[in-house]
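Peer 1: The following file, input.cif, comprises mmCIF, C-alpha atoms:
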data_coords
loop_
_atom_site.label_atom_id
_atom_site.label_comp_id
_atom_site.auth_asym_id
_atom_site.auth_seq_id
_atom_site.Cartn_x
_atom_site.Cartn_y
_atom_site.Cartn_z
CA MET A 1 4.60 -20.15 31.52
CA LYS A 2 6.57 -21.75 34.43
CA LEU A 3 10.02 -20.31 33.80
CA LYS A 4 11.85 -23.18 35.45
CA HIS A 5 10.49 -25.52 32.77
CA ILE A 6 12.07 -23.51 29.95
CA THR A 7 15.36 -25.08 28.93
CA ARG A 8 18.66 -23.96 30.34
CA ALA A 9 19.81 -23.67 26.75
CA ILE A 10 17.91 -20.39 26.34
CA MET A 11 19.53 -19.14 29.51
CA ALA A 12 22.97 -20.02 28.20
CA ILE A 13 22.28 -18.28 24.88
CA SER A 14 21.10 -15.16 26.70
CA ILE A 15 24.15 -15.01 28.94
CA CYS A 16 26.47 -15.60 25.99
CA ALA A 17 24.79 -12.71 24.20
CA GLY A 18 26.52 -10.46 26.72
CA ILE A 19 23.61 -8.68 28.38
CA ALA A 20 24.93 -5.51 29.95
CA PRO A 21 23.76 -4.37 33.38
CA ALA A 22 21.62 -1.21 33.47
CA HIS A 23 23.27 2.07 34.42
CA ALA A 24 22.03 4.82 36.72
CA ALA A 25 18.73 6.49 35.79
CA GLU A 26 18.15 4.34 32.74
CA VAL A 27 15.09 2.40 31.67
CA GLU A 28 15.22 -0.49 29.26
CA VAL A 29 11.86 -1.08 27.61
CA LEU A 30 10.98 -4.22 25.66
CA HIS A 31 8.23 -3.60 23.12
CA TYR A 32 7.05 -4.57 19.65
CA TRP A 33 5.96 -1.15 18.38
CA THR A 34 7.97 -1.30 15.16
CA ALA A 35 5.46 -0.28 12.44
CA GLY A 36 5.07 3.39 11.38
CA GLY A 37 2.49 4.88 13.78
CA GLU A 38 3.57 2.57 16.61
CA ALA A 39 7.28 3.37 16.26
CA ARG A 40 6.54 7.10 16.40
CA SER A 41 4.54 6.53 19.59
CA ALA A 42 7.44 4.71 21.28
CA ALA A 43 9.77 7.56 20.25
CA GLU A 44 7.47 10.03 22.07
CA LEU A 45 7.81 8.11 25.34
CA LYS A 46 11.57 8.07 24.92
CA LYS A 47 11.49 11.85 24.46
CA ILE A 48 9.43 12.38 27.64
CA MET A 49 11.76 10.15 29.68
CA GLU A 50 14.88 11.93 28.44
CA SER A 51 13.29 15.29 29.33
CA LYS A 52 13.05 13.93 32.90
CA GLY A 53 16.75 13.04 32.95
CA VAL A 54 16.23 9.31 32.43
CA SER A 55 18.00 7.66 29.51
CA TRP A 56 16.03 5.21 27.37
CA LYS A 57 17.39 1.89 26.16
CA ASP A 58 15.21 0.58 23.37
CA PHE A 59 14.58 -3.17 23.19
CA ALA A 60 12.29 -3.38 20.16
CA VAL A 61 11.41 -6.85 18.88
CA ALA A 62 9.55 -6.97 15.54
CA GLY A 63 6.45 -9.12 15.08
CA GLY A 64 2.94 -7.62 15.18
CA GLY A 65 1.43 -10.18 17.56
CA GLY A 66 4.24 -9.95 20.12
CA GLU A 67 5.22 -13.65 20.13
CA ASN A 68 8.87 -12.88 19.35
CA ALA A 69 8.97 -10.25 22.10
CA MET A 70 7.63 -12.73 24.67
CA THR A 71 10.27 -15.31 23.71
CA ALA A 72 12.98 -12.66 24.16
CA LEU A 73 11.48 -11.59 27.50
CA LYS A 74 11.45 -15.15 28.89
CA ALA A 75 15.11 -15.58 27.98
CA ARG A 76 16.02 -12.31 29.71
CA VAL A 77 14.09 -13.08 32.89
CA ILE A 78 15.62 -16.57 33.11
CA ALA A 79 19.08 -15.03 32.69
CA GLY A 80 18.37 -12.79 35.69
CA SER A 81 18.48 -9.70 33.52
CA ALA A 82 14.88 -8.55 33.13
CA PRO A 83 14.28 -5.21 31.39
CA THR A 84 12.79 -2.33 33.42
CA ALA A 85 9.47 -2.77 31.66
CA ALA A 86 7.93 -4.86 28.90
CA GLN A 87 4.87 -4.51 26.71
CA ILE A 88 2.52 -7.17 28.10
CA LYS A 89 -1.23 -7.47 28.28
CA GLY A 90 -4.20 -9.23 29.80
CA PRO A 91 -3.87 -12.55 31.64
CA SER A 92 -0.13 -12.60 30.86
CA ILE A 93 0.35 -9.90 33.51
CA GLN A 94 -1.11 -12.32 36.09
CA GLU A 95 1.09 -15.16 34.78
CA TRP A 96 4.23 -13.05 35.24
CA GLY A 97 2.93 -11.97 38.66
CA ASN A 98 2.70 -15.63 39.64
CA GLU A 99 6.40 -15.99 38.80
CA GLY A 100 7.24 -13.35 41.43
CA VAL A 101 9.15 -11.15 38.97
CA LEU A 102 6.93 -8.04 38.78
CA ALA A 103 7.54 -4.81 40.71
CA ASN A 104 4.96 -3.13 42.95
CA ILE A 105 4.35 0.38 41.51
CA ASP A 106 1.63 1.50 43.94
CA ALA A 107 3.76 4.56 44.76
CA ALA A 108 3.28 5.86 41.20
CA ALA A 109 -0.40 4.85 41.14
CA ASN A 110 -1.15 6.64 44.41
CA GLU A 111 0.64 9.77 43.26
CA GLY A 112 -1.25 9.77 39.95
CA LYS A 113 -4.61 8.74 41.50
CA TRP A 114 -4.89 5.88 39.00
CA ASP A 115 -7.92 4.30 40.70
CA ALA A 116 -9.87 7.51 40.06
CA VAL A 117 -8.86 8.02 36.41
CA LEU A 118 -8.99 4.41 35.13
CA PRO A 119 -12.16 2.45 34.36
CA LYS A 120 -12.45 -0.60 36.66
CA VAL A 121 -12.18 -2.98 33.69
CA VAL A 122 -8.76 -1.46 32.97
CA SER A 123 -7.37 -1.03 36.50
CA GLY A 124 -8.26 -4.62 37.42
CA ILE A 125 -6.04 -5.95 34.64
CA MET A 126 -3.11 -3.76 35.76
CA LYS A 127 -3.05 -5.18 39.32
CA TYR A 128 -1.65 -8.38 40.74
CA LYS A 129 -3.08 -9.39 44.14
CA GLY A 130 -4.45 -5.86 44.62
CA HIS A 131 -1.22 -4.01 43.76
CA TYR A 132 -0.41 -2.15 40.55
CA VAL A 133 2.33 -3.89 38.58
CA ALA A 134 1.65 -2.40 35.12
CA ALA A 135 0.76 0.95 33.60
CA PRO A 136 -1.93 1.02 30.86
CA ILE A 137 -1.13 3.00 27.77
CA ASN A 138 -4.24 2.81 25.67
CA VAL A 139 -7.39 0.96 24.74
CA HIS A 140 -7.61 -0.49 21.24
CA ARG A 141 -10.89 -1.46 19.66
CA VAL A 142 -10.32 -4.64 17.69
CA ASN A 143 -13.69 -5.13 15.95
CA TRP A 144 -13.18 -2.60 13.15
CA LEU A 145 -13.58 -2.98 9.41
CA TRP A 146 -11.38 -0.56 7.41
CA VAL A 147 -12.78 0.39 4.04
CA ASN A 148 -11.53 2.33 1.03
CA PRO A 149 -14.58 4.32 -0.19
CA GLU A 150 -13.00 4.89 -3.62
CA VAL A 151 -12.84 1.11 -4.14
CA LEU A 152 -16.51 0.82 -3.11
CA LYS A 153 -17.41 3.56 -5.58
CA LYS A 154 -15.47 1.91 -8.43
CA ALA A 155 -17.21 -1.39 -7.70
CA GLY A 156 -20.66 0.16 -7.27
CA ALA A 157 -20.80 -1.24 -3.72
CA THR A 158 -22.04 0.24 -0.44
CA ALA A 159 -20.47 0.19 3.03
CA PRO A 160 -21.65 -2.94 4.88
CA THR A 161 -23.27 -3.12 8.33
CA ASN A 162 -23.96 -6.89 8.45
CA PHE A 163 -22.54 -9.99 6.78
CA ASP A 164 -25.13 -10.14 3.98
CA GLU A 165 -24.15 -6.59 2.98
CA PHE A 166 -20.46 -7.44 3.47
CA PHE A 167 -20.58 -10.35 1.03
CA ALA A 168 -22.63 -8.33 -1.48
CA ALA A 169 -19.92 -5.61 -1.40
CA ALA A 170 -17.12 -8.21 -1.58
CA ASP A 171 -18.69 -9.78 -4.69
CA LYS A 172 -18.83 -6.41 -6.44
CA ILE A 173 -15.23 -5.53 -5.51
CA LYS A 174 -14.04 -8.92 -6.78
CA LYS A 175 -16.01 -8.44 -10.02
CA ALA A 176 -14.30 -5.05 -10.47
CA GLY A 177 -10.94 -6.88 -10.55
CA LEU A 178 -9.79 -5.75 -7.09
CA ILE A 179 -9.07 -7.68 -3.87
CA ALA A 180 -12.13 -7.63 -1.62
CA VAL A 181 -10.42 -8.50 1.68
CA ALA A 182 -6.85 -7.45 2.52
CA HIS A 183 -5.38 -9.95 4.96
CA GLY A 184 -2.09 -11.24 6.24
CA GLY A 185 -2.00 -15.02 6.66
CA GLN A 186 -0.49 -15.09 10.15
CA PRO A 187 -2.18 -16.94 13.04
CA TRP A 188 -2.86 -13.80 15.11
CA GLN A 189 -4.42 -12.06 12.09
CA ASP A 190 -6.59 -15.12 11.37
CA ALA A 191 -7.72 -15.02 15.02
CA THR A 192 -8.50 -11.30 14.74
CA VAL A 193 -10.92 -11.95 11.87
CA PHE A 194 -12.37 -14.99 13.66
CA GLU A 195 -13.27 -13.15 16.87
CA SER A 196 -15.05 -10.37 14.94
CA VAL A 197 -16.98 -13.02 12.98
CA VAL A 198 -18.02 -14.83 16.20
CA LEU A 199 -19.13 -11.51 17.68
CA GLY A 200 -21.01 -10.52 14.50
CA VAL A 201 -22.73 -13.89 14.10
CA GLY A 202 -23.48 -14.65 17.75
CA GLY A 203 -23.54 -11.32 19.61
CA ALA A 204 -21.77 -10.21 22.80
CA GLU A 205 -23.42 -12.70 25.19
CA PHE A 206 -22.58 -15.66 22.94
CA TYR A 207 -19.03 -14.33 22.52
CA LYS A 208 -18.61 -14.18 26.33
CA LYS A 209 -19.91 -17.73 26.84
CA ALA A 210 -17.92 -19.25 24.00
CA ILE A 211 -14.69 -17.26 23.85
CA VAL A 212 -14.23 -15.95 27.41
CA GLN A 213 -15.89 -18.66 29.52
CA LEU A 214 -15.01 -21.42 27.00
CA ASP A 215 -18.40 -23.07 27.48
CA THR A 216 -18.31 -26.40 25.59
CA ALA A 217 -21.96 -26.28 24.50
CA SER A 218 -21.39 -22.81 22.96
CA LEU A 219 -18.10 -23.82 21.31
CA THR A 220 -19.79 -26.74 19.53
CA SER A 221 -23.14 -25.03 18.90
CA PRO A 222 -24.91 -24.36 15.56
CA THR A 223 -24.03 -20.67 16.11
CA MET A 224 -20.30 -21.50 16.17
CA ILE A 225 -20.71 -23.70 13.07
CA LYS A 226 -22.33 -20.70 11.37
CA ALA A 227 -19.39 -18.51 12.45
CA PHE A 228 -16.92 -20.95 10.83
CA ASP A 229 -19.10 -21.12 7.69
CA THR A 230 -18.91 -17.30 7.53
CA LEU A 231 -15.14 -17.39 8.03
CA ALA A 232 -14.82 -19.98 5.23
CA LYS A 233 -16.71 -17.64 2.91
CA ILE A 234 -14.47 -14.68 3.86
CA LYS A 235 -11.46 -16.85 2.91
CA THR A 236 -12.66 -16.92 -0.70
CA TYR A 237 -12.17 -13.13 -0.98
CA ILE A 238 -8.54 -13.11 0.25
CA ASP A 239 -5.78 -13.04 -2.40
CA LYS A 240 -3.42 -15.99 -2.93
CA ASP A 241 -0.36 -14.02 -1.76
CA ALA A 242 -1.69 -13.44 1.78
CA ALA A 243 0.46 -16.10 3.50
CA GLY A 244 2.90 -14.52 5.96
CA ARG A 245 2.01 -10.94 4.99
CA ASP A 246 2.44 -8.43 7.83
CA TRP A 247 -0.71 -6.62 8.94
CA ASN A 248 0.55 -3.17 7.95
CA LEU A 249 1.23 -4.37 4.39
CA ALA A 250 -2.38 -5.57 4.21
CA THR A 251 -3.47 -2.12 5.46
CA ALA A 252 -1.31 -0.54 2.74
CA MET A 253 -3.34 -2.49 0.15
CA VAL A 254 -6.50 -0.74 1.38
CA ILE A 255 -4.72 2.64 1.56
CA ASN A 256 -3.45 2.25 -2.02
CA GLY A 257 -6.80 1.12 -3.43
CA LYS A 258 -5.62 -2.41 -4.30
CA ALA A 259 -8.09 -3.87 -1.80
CA GLY A 260 -11.45 -2.76 -0.47
CA MET A 261 -11.70 -3.92 3.16
CA GLN A 262 -9.63 -5.17 6.09
CA PHE A 263 -10.61 -6.66 9.46
CA MET A 264 -8.09 -5.16 11.91
CA GLY A 265 -7.86 -3.33 15.21
CA ASP A 266 -7.58 0.45 15.33
CA TRP A 267 -3.77 0.37 15.17
CA ALA A 268 -4.44 0.18 11.41
CA LYS A 269 -5.64 3.78 11.62
CA GLY A 270 -2.09 4.84 12.51
CA GLU A 271 -1.05 3.62 9.05
CA PHE A 272 -3.82 5.61 7.31
CA THR A 273 -2.88 8.70 9.32
CA ALA A 274 0.84 8.26 8.55
CA ALA A 275 -0.11 8.13 4.84
CA GLY A 276 -1.90 11.50 5.19
CA LYS A 277 -5.39 10.01 4.78
CA GLN A 278 -8.53 11.56 6.31
CA PRO A 279 -11.23 9.46 8.05
CA GLY A 280 -14.64 9.70 6.40
CA LYS A 281 -13.06 10.91 3.17
CA ASP A 282 -10.13 8.64 2.24
CA PHE A 283 -11.08 5.72 4.48
CA LEU A 284 -14.02 4.52 6.57
CA CYS A 285 -13.85 3.01 10.05
CA LEU A 286 -16.88 0.79 10.49
CA ALA A 287 -17.75 -1.66 13.23
CA ALA A 288 -17.08 -5.16 11.85
CA PRO A 289 -20.29 -6.59 10.30
CA GLY A 290 -22.99 -7.11 12.93
CA THR A 291 -20.89 -5.78 15.84
CA ASP A 292 -21.95 -2.12 16.12
CA LYS A 293 -23.36 -2.69 19.66
CA ALA A 294 -20.18 -4.38 20.89
CA PHE A 295 -16.55 -3.46 21.52
CA THR A 296 -13.66 -5.93 21.72
CA PHE A 297 -10.89 -4.31 23.72
CA ASN A 298 -7.15 -4.81 23.70
CA ILE A 299 -5.10 -2.84 26.22
CA ASP A 300 -1.40 -2.22 25.72
CA SER A 301 0.49 -1.84 28.97
CA LEU A 302 4.01 -1.73 30.30
CA ALA A 303 4.47 -4.30 33.04
CA MET A 304 7.25 -3.37 35.46
CA PHE A 305 9.85 -5.99 36.40
CA ASN A 306 11.85 -6.17 39.60
CA VAL A 307 14.95 -4.01 39.22
CA LYS A 308 17.86 -3.59 41.63
CA GLY A 309 19.09 -0.33 43.08
CA ALA A 310 17.32 2.85 44.23
CA ASP A 311 18.18 4.71 41.00
CA GLN A 312 16.64 2.04 38.82
CA GLN A 313 13.52 1.77 40.98
CA LYS A 314 13.07 5.55 40.92
CA ALA A 315 13.52 5.59 37.12
CA GLN A 316 10.90 2.84 36.86
CA LEU A 317 8.34 4.88 38.83
CA THR A 318 9.17 7.88 36.61
CA LEU A 319 8.41 5.68 33.59
CA ALA A 320 5.09 4.54 35.08
CA ASN A 321 4.06 8.15 35.76
CA ALA A 322 5.15 9.22 32.26
CA VAL A 323 3.04 6.46 30.66
CA MET A 324 -0.03 7.60 32.59
CA SER A 325 0.46 11.34 32.01
CA PRO A 326 -2.31 13.00 29.95
CA GLU A 327 0.34 14.47 27.58
CA PHE A 328 1.76 11.05 26.70
CA GLN A 329 -1.64 9.32 26.52
CA GLU A 330 -2.76 12.01 24.08
CA VAL A 331 0.27 11.93 21.77
CA PHE A 332 0.66 8.13 21.89
CA ASN A 333 -2.96 7.45 21.01
CA LEU A 334 -3.07 10.12 18.31
CA ASN A 335 -0.13 8.31 16.66
CA LYS A 336 -1.28 4.76 17.28
CA GLY A 337 -4.95 5.05 16.38
CA SER A 338 -6.15 3.91 19.82
CA ILE A 339 -7.85 5.86 22.63
CA PRO A 340 -6.47 6.87 26.05
CA ALA A 341 -6.80 4.34 28.87
CA ARG A 342 -7.35 7.11 31.43
CA ALA A 343 -9.92 9.83 31.93
CA GLY A 344 -9.00 13.50 31.73
CA VAL A 345 -7.33 13.55 28.31
CA SER A 346 -8.60 16.25 25.95
CA ARG A 347 -10.69 14.93 23.03
CA ALA A 348 -9.94 18.03 20.92
CA LYS A 349 -7.28 16.55 18.61
CA PHE A 350 -8.88 13.12 18.15
CA ASP A 351 -10.55 12.30 14.84
CA SER A 352 -14.02 10.93 14.14
CA CYS A 353 -12.89 7.26 14.36
CA ALA A 354 -11.35 7.80 17.81
CA LEU A 355 -14.39 9.76 19.05
CA LYS A 356 -16.67 6.94 17.88
CA SER A 357 -14.40 4.49 19.71
CA MET A 358 -14.57 6.57 22.93
CA ASP A 359 -18.37 6.87 22.71
CA ASP A 360 -18.85 3.18 21.87
CA MET A 361 -16.57 2.07 24.72
CA ASP A 362 -18.60 4.18 27.11
CA ALA A 363 -21.92 2.83 25.78
CA THR A 364 -20.85 -0.83 25.71
CA SER A 365 -19.35 -0.66 29.21
CA LYS A 366 -22.90 0.18 30.37
CA SER A 367 -24.74 -2.27 28.09
CA GLY A 368 -22.54 -5.34 28.61
CA GLY A 369 -21.18 -5.24 25.06
CA LEU A 370 -17.60 -4.45 26.18
CA VAL A 371 -15.69 -7.72 25.82
CA PRO A 372 -11.99 -8.69 25.93
CA SER A 373 -10.21 -9.59 22.70
CA PHE A 374 -9.17 -13.23 22.65
CA ALA A 375 -6.89 -12.74 19.62
CA HIS A 376 -4.88 -10.10 21.46
CA GLY A 377 -4.29 -11.80 24.78
CA MET A 378 -7.04 -10.15 26.85
CA ALA A 379 -9.57 -12.96 27.40
CA ILE A 380 -7.99 -16.28 28.34
CA ASP A 381 -4.65 -17.72 29.43
CA SER A 382 -1.87 -18.05 26.87
CA ALA A 383 -1.95 -21.89 26.65
CA LYS A 384 -5.65 -22.02 25.75
CA ALA A 385 -5.41 -18.95 23.49
CA GLY A 386 -2.49 -20.53 21.61
CA ALA A 387 -4.31 -23.85 21.16
CA ILE A 388 -7.46 -22.10 19.87
CA GLN A 389 -5.38 -19.92 17.55
CA ASP A 390 -3.82 -23.08 16.10
CA VAL A 391 -7.29 -24.46 15.29
CA ILE A 392 -8.27 -21.23 13.51
CA ALA A 393 -5.00 -21.15 11.53
CA LYS A 394 -5.53 -24.78 10.49
CA PHE A 395 -9.08 -23.97 9.39
CA MET A 396 -7.85 -20.98 7.38
CA ASN A 397 -5.16 -23.04 5.65
CA SER A 398 -6.95 -26.32 4.91
CA ASN A 399 -10.28 -27.82 3.86
CA MET A 400 -11.28 -28.51 7.47
CA THR A 401 -15.08 -28.51 7.85
CA SER A 402 -16.88 -26.11 10.18
CA GLN A 403 -18.18 -29.06 12.23
CA ALA A 404 -14.66 -30.46 12.67
CA ALA A 405 -13.40 -27.00 13.59
CA THR A 406 -15.94 -26.62 16.43
CA GLN A 407 -14.93 -30.00 17.88
CA ALA A 408 -11.25 -29.05 17.66
CA LEU A 409 -12.09 -25.72 19.30
CA ALA A 410 -13.75 -27.44 22.28
CA LYS A 411 -10.70 -29.69 22.68
CA ALA A 412 -8.29 -26.71 22.44
CA ALA A 413 -10.23 -24.88 25.15
CA LYS A 414 -9.06 -27.55 27.63
CA ALA A 415 -5.33 -26.97 26.85
CA LYS A 416 -3.03 -26.56 29.87
#
For this file, produce the structure as structure tokens.
Peer 2:
Amino acid sequence: MKLKHITRAIMAISICAGIAPAHAAEVEVLHYWTAGGEARSAAELKKIMESKGVSWKDFAVAGGGGENAMTALKARVIAGSAPTAAQIKGPSIQEWGNEGVLANIDAAANEGKWDAVLPKVVSGIMKYKGHYVAAPINVHRVNWLWVNPEVLKKAGATAPTNFDEFFAAADKIKKAGLIAVAHGGQPWQDATVFESVVLGVGGAEFYKKAIVQLDTASLTSPTMIKAFDTLAKIKTYIDKDAAGRDWNLATAMVINGKAGMQFMGDWAKGEFTAAGKQPGKDFLCLAAPGTDKAFTFNIDSLAMFNVKGADQQKAQLTLANAVMSPEFQEVFNLNKGSIPARAGVSRAKFDSCALKSMDDMDATSKSGGLVPSFAHGMAIDSAKAGAIQDVIAKFMNSNMTSQAATQALAKAAKAK
């Protein structure tokens, strides 16, 4: 990330853009919650802040994977005009911590007893050198398969639990003249499918060795070759118009009955909910094939940047406390399809998909099946993640063999 290595040109552009200084009791929040359920969630936080007398300056940057938002954030930090907070996750929080630009928010954490209400796997990610620098908003489960039961019925197919059943269902959906797999051909979406395939083919322990520890023997193993073979087969069920399609448009294909299934994290559920659909009736949330004993997590958080002035610092702590309040965690996660990061939030309003997610997270945290999502910035540093994502995207968009892909994967894992 090293900010000093990013060209001065970006800095000049940012300054020329006329970035205004923040005013008293205002928070500026950089995020990429721009799709339906996500945008409503961001609006709820704005509402809570304004009820506390703090004005909200929205800095929304479109792009489901967050790459555009991170480019905008780097430019702002270089220009000496960091926002109050930015939506960041996983190892990136540590990378920004290393740059010396994050604010210590222990005062908010102590007041809210965060250590007591957050699972250790979550609180550890929110700290830099033992101090809280970010507030977690939610936990997403990534290894879901979203299914339209009406499409299954039309095709005479059954809901799959493993890859043999998945391909049998996909064949029937294709034969019925519908799209079997809704997908958006963007690198982060390709990576999302890939990690669920690796988990389904190899299991949680293999996933940890290969994807988290980047063990060369695992990355080039017969198991990884089988994972790429499986991914190659999935490719054959994706429609020709998938290139560049946003994830929520792929979800809409499942909602509208044009497609049968989609590999996507539980933010997709926010789209089903926004369309008035009921889980279990209008759509099914199933663990991705072969992954019912595992849980790939992706935690959204707001990292807090150094701000000047007592008013701004106080507003920042108010924001951190608002993010961690049970009322916000409830309403945000009901809208977004995820589950609360903290304990003590009522389960009463959550649907069957969310309750399954909560129960499975609890079970996998005890069994060792709770693993960080590589595709969503939770597992490895951004340089290695980017290099691996490039390999997957190349595989998805060419005739690259599975053997060649595993060799390229091992090489990408050494990226600096």
Peer 1: Which distance in Å separates CA of Gln313 in chain A and CA of Met49 in chain A, to one decimal?
Peer 2: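 Computed distance, CA of Gln313 in chain A to CA of Met49 in chain A, equals 14.2 Å.
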Peer 1: Need the shell around Val254 in chain A: protein/DNA/RNA residues with any atom at most 9 Å away, counting all atoms listed in the file. Skip same-chain ones fewer than 6 positions apart. Format as a tab-separated table (two decimals) with C-alpha atoms, keeping the file's coordinate frame?
Peer 2:
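The resulting result.tsv:
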chain	number	residue	atom	x	y	z
A	146	TRP	CA	-11.38	-0.56	7.41
A	147	VAL	CA	-12.78	0.39	4.04
A	148	ASN	CA	-11.53	2.33	1.03
A	151	VAL	CA	-12.84	1.11	-4.14
A	181	VAL	CA	-10.42	-8.50	1.68
A	182	ALA	CA	-6.85	-7.45	2.52
A	260	GLY	CA	-11.45	-2.76	-0.47
A	261	MET	CA	-11.70	-3.92	3.16
A	262	GLN	CA	-9.63	-5.17	6.09
A	283	PHE	CA	-11.08	5.72	4.48
Peer 1: I'd like to see the residues matched by the PyMOL selection byres ((chain A and resi 316) around 10) on this file, and ideally I'd get them as a PyMOL selection string.
Peer 2: chain A and resi 25-28+54+84-85+103+105+108+304-307+310-315+317-322
Peer 1: Considering only C-alpha atoms, give me a table of residues in range 339-413 of chain A that are at most 12 Å from range 189-209 of chain A, with the closest atom pair and distance in Å for each, as CSV.
Peer 2:
residue,atom,partner,partner_atom,distance
A:Thr364,CA,A:Ala204,CA,9.9
A:Ser365,CA,A:Ala204,CA,11.8
A:Ser367,CA,A:Ala204,CA,10.0
A:Gly368,CA,A:Ala204,CA,7.6
A:Gly369,CA,A:Ala204,CA,5.5
A:Leu370,CA,A:Ala204,CA,7.9
A:Val371,CA,A:Lys208,CA,7.1
A:Pro372,CA,A:Lys208,CA,8.6
A:Ser373,CA,A:Glu195,CA,7.5
A:Phe374,CA,A:Glu195,CA,7.1
A:Ala375,CA,A:Ala191,CA,5.2
A:His376,CA,A:Thr192,CA,7.7
A:Gly377,CA,A:Ala191,CA,10.8
A:Ala379,CA,A:Lys208,CA,9.2
A:Ile380,CA,A:Lys208,CA,11.0
A:Ala385,CA,A:Ala191,CA,9.6
A:Gly386,CA,A:Ala191,CA,10.1
A:Ala387,CA,A:Ala191,CA,11.3
A:Ile388,CA,A:Ala191,CA,8.6
A:Gln389,CA,A:Ala191,CA,6.0
A:Asp390,CA,A:Ala191,CA,9.0
A:Val391,CA,A:Ala191,CA,9.5
A:Ile392,CA,A:Ala191,CA,6.4
A:Ala393,CA,A:Asp190,CA,6.2
A:Lys394,CA,A:Asp190,CA,9.8
A:Phe395,CA,A:Asp190,CA,9.4
A:Met396,CA,A:Asp190,CA,7.2
A:Asn397,CA,A:Asp190,CA,9.9
A:Thr406,CA,A:Val198,CA,12.0
Peer 1: Show me the residues around (-16.5, -4.6, 7.8) - criterion: an atom at most 12 Å away, only C-alpha atoms counted - as a VMD selection string.
Peer 2: chain A and resid 142 to 148 158 to 170 180 to 182 193 196 to 197 200 234 260 to 265 284 to 292
Peer 1: I'd like the residues picked by the PyMOL selection byres ((chain A and resi 177) around 12) written out as an NGL selection string, using the chain letters and numbers from the file.
Peer 2: :A and (151 or 154-155 or 170-176 or 178-180 or 237 or 239 or 257-260)
Peer 1: Excluding same-chain residues fewer than 5 positions from Leu302 in chain A, what lies within 10 Å of it counting only C-alpha atoms, as a PyMOL selection string?
Peer 2: chain A and resi 29-31+84-89+93+126+133-137+319-320+323
Peer 1: Go ahead and save the picked residues with C-alpha atoms, as a CSV table (one decimal), keeping the file's coordinate frame.
Peer 2:
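Written output follows (result.csv):
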chain,number,residue,atom,x,y,z
A,29,VAL,CA,11.9,-1.1,27.6
A,30,LEU,CA,11.0,-4.2,25.7
A,31,HIS,CA,8.2,-3.6,23.1
A,84,THR,CA,12.8,-2.3,33.4
A,85,ALA,CA,9.5,-2.8,31.7
A,86,ALA,CA,7.9,-4.9,28.9
A,87,GLN,CA,4.9,-4.5,26.7
A,88,ILE,CA,2.5,-7.2,28.1
A,89,LYS,CA,-1.2,-7.5,28.3
A,93,ILE,CA,0.4,-9.9,33.5
A,126,MET,CA,-3.1,-3.8,35.8
A,133,VAL,CA,2.3,-3.9,38.6
A,134,ALA,CA,1.6,-2.4,35.1
A,135,ALA,CA,0.8,1.0,33.6
A,136,PRO,CA,-1.9,1.0,30.9
A,137,ILE,CA,-1.1,3.0,27.8
A,319,LEU,CA,8.4,5.7,33.6
A,320,ALA,CA,5.1,4.5,35.1
A,323,VAL,CA,3.0,6.5,30.7
Peer 1: To one decimal in Å, tell me the separation between CA of Leu45 in chain A and CA of Phe328 in chain A.
Peer 2: 6.9 Å
Peer 1: Please compute the CA of Ala227 in chain A-CA of Met253 in chain A distance, one decimal, in Å.
Peer 2: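 Computing it gives 25.8 Å between the two atoms.
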Peer 1: Name the closest residue to Gln403 in chain A among the candidates A:Thr223, A:Ser123, A:Ser51, A:Ser352; distances are taken between atoms, counting only C-alpha atoms.
Peer 2: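 Distance minimum relative to Gln403 in chain A lands on A:Thr223.
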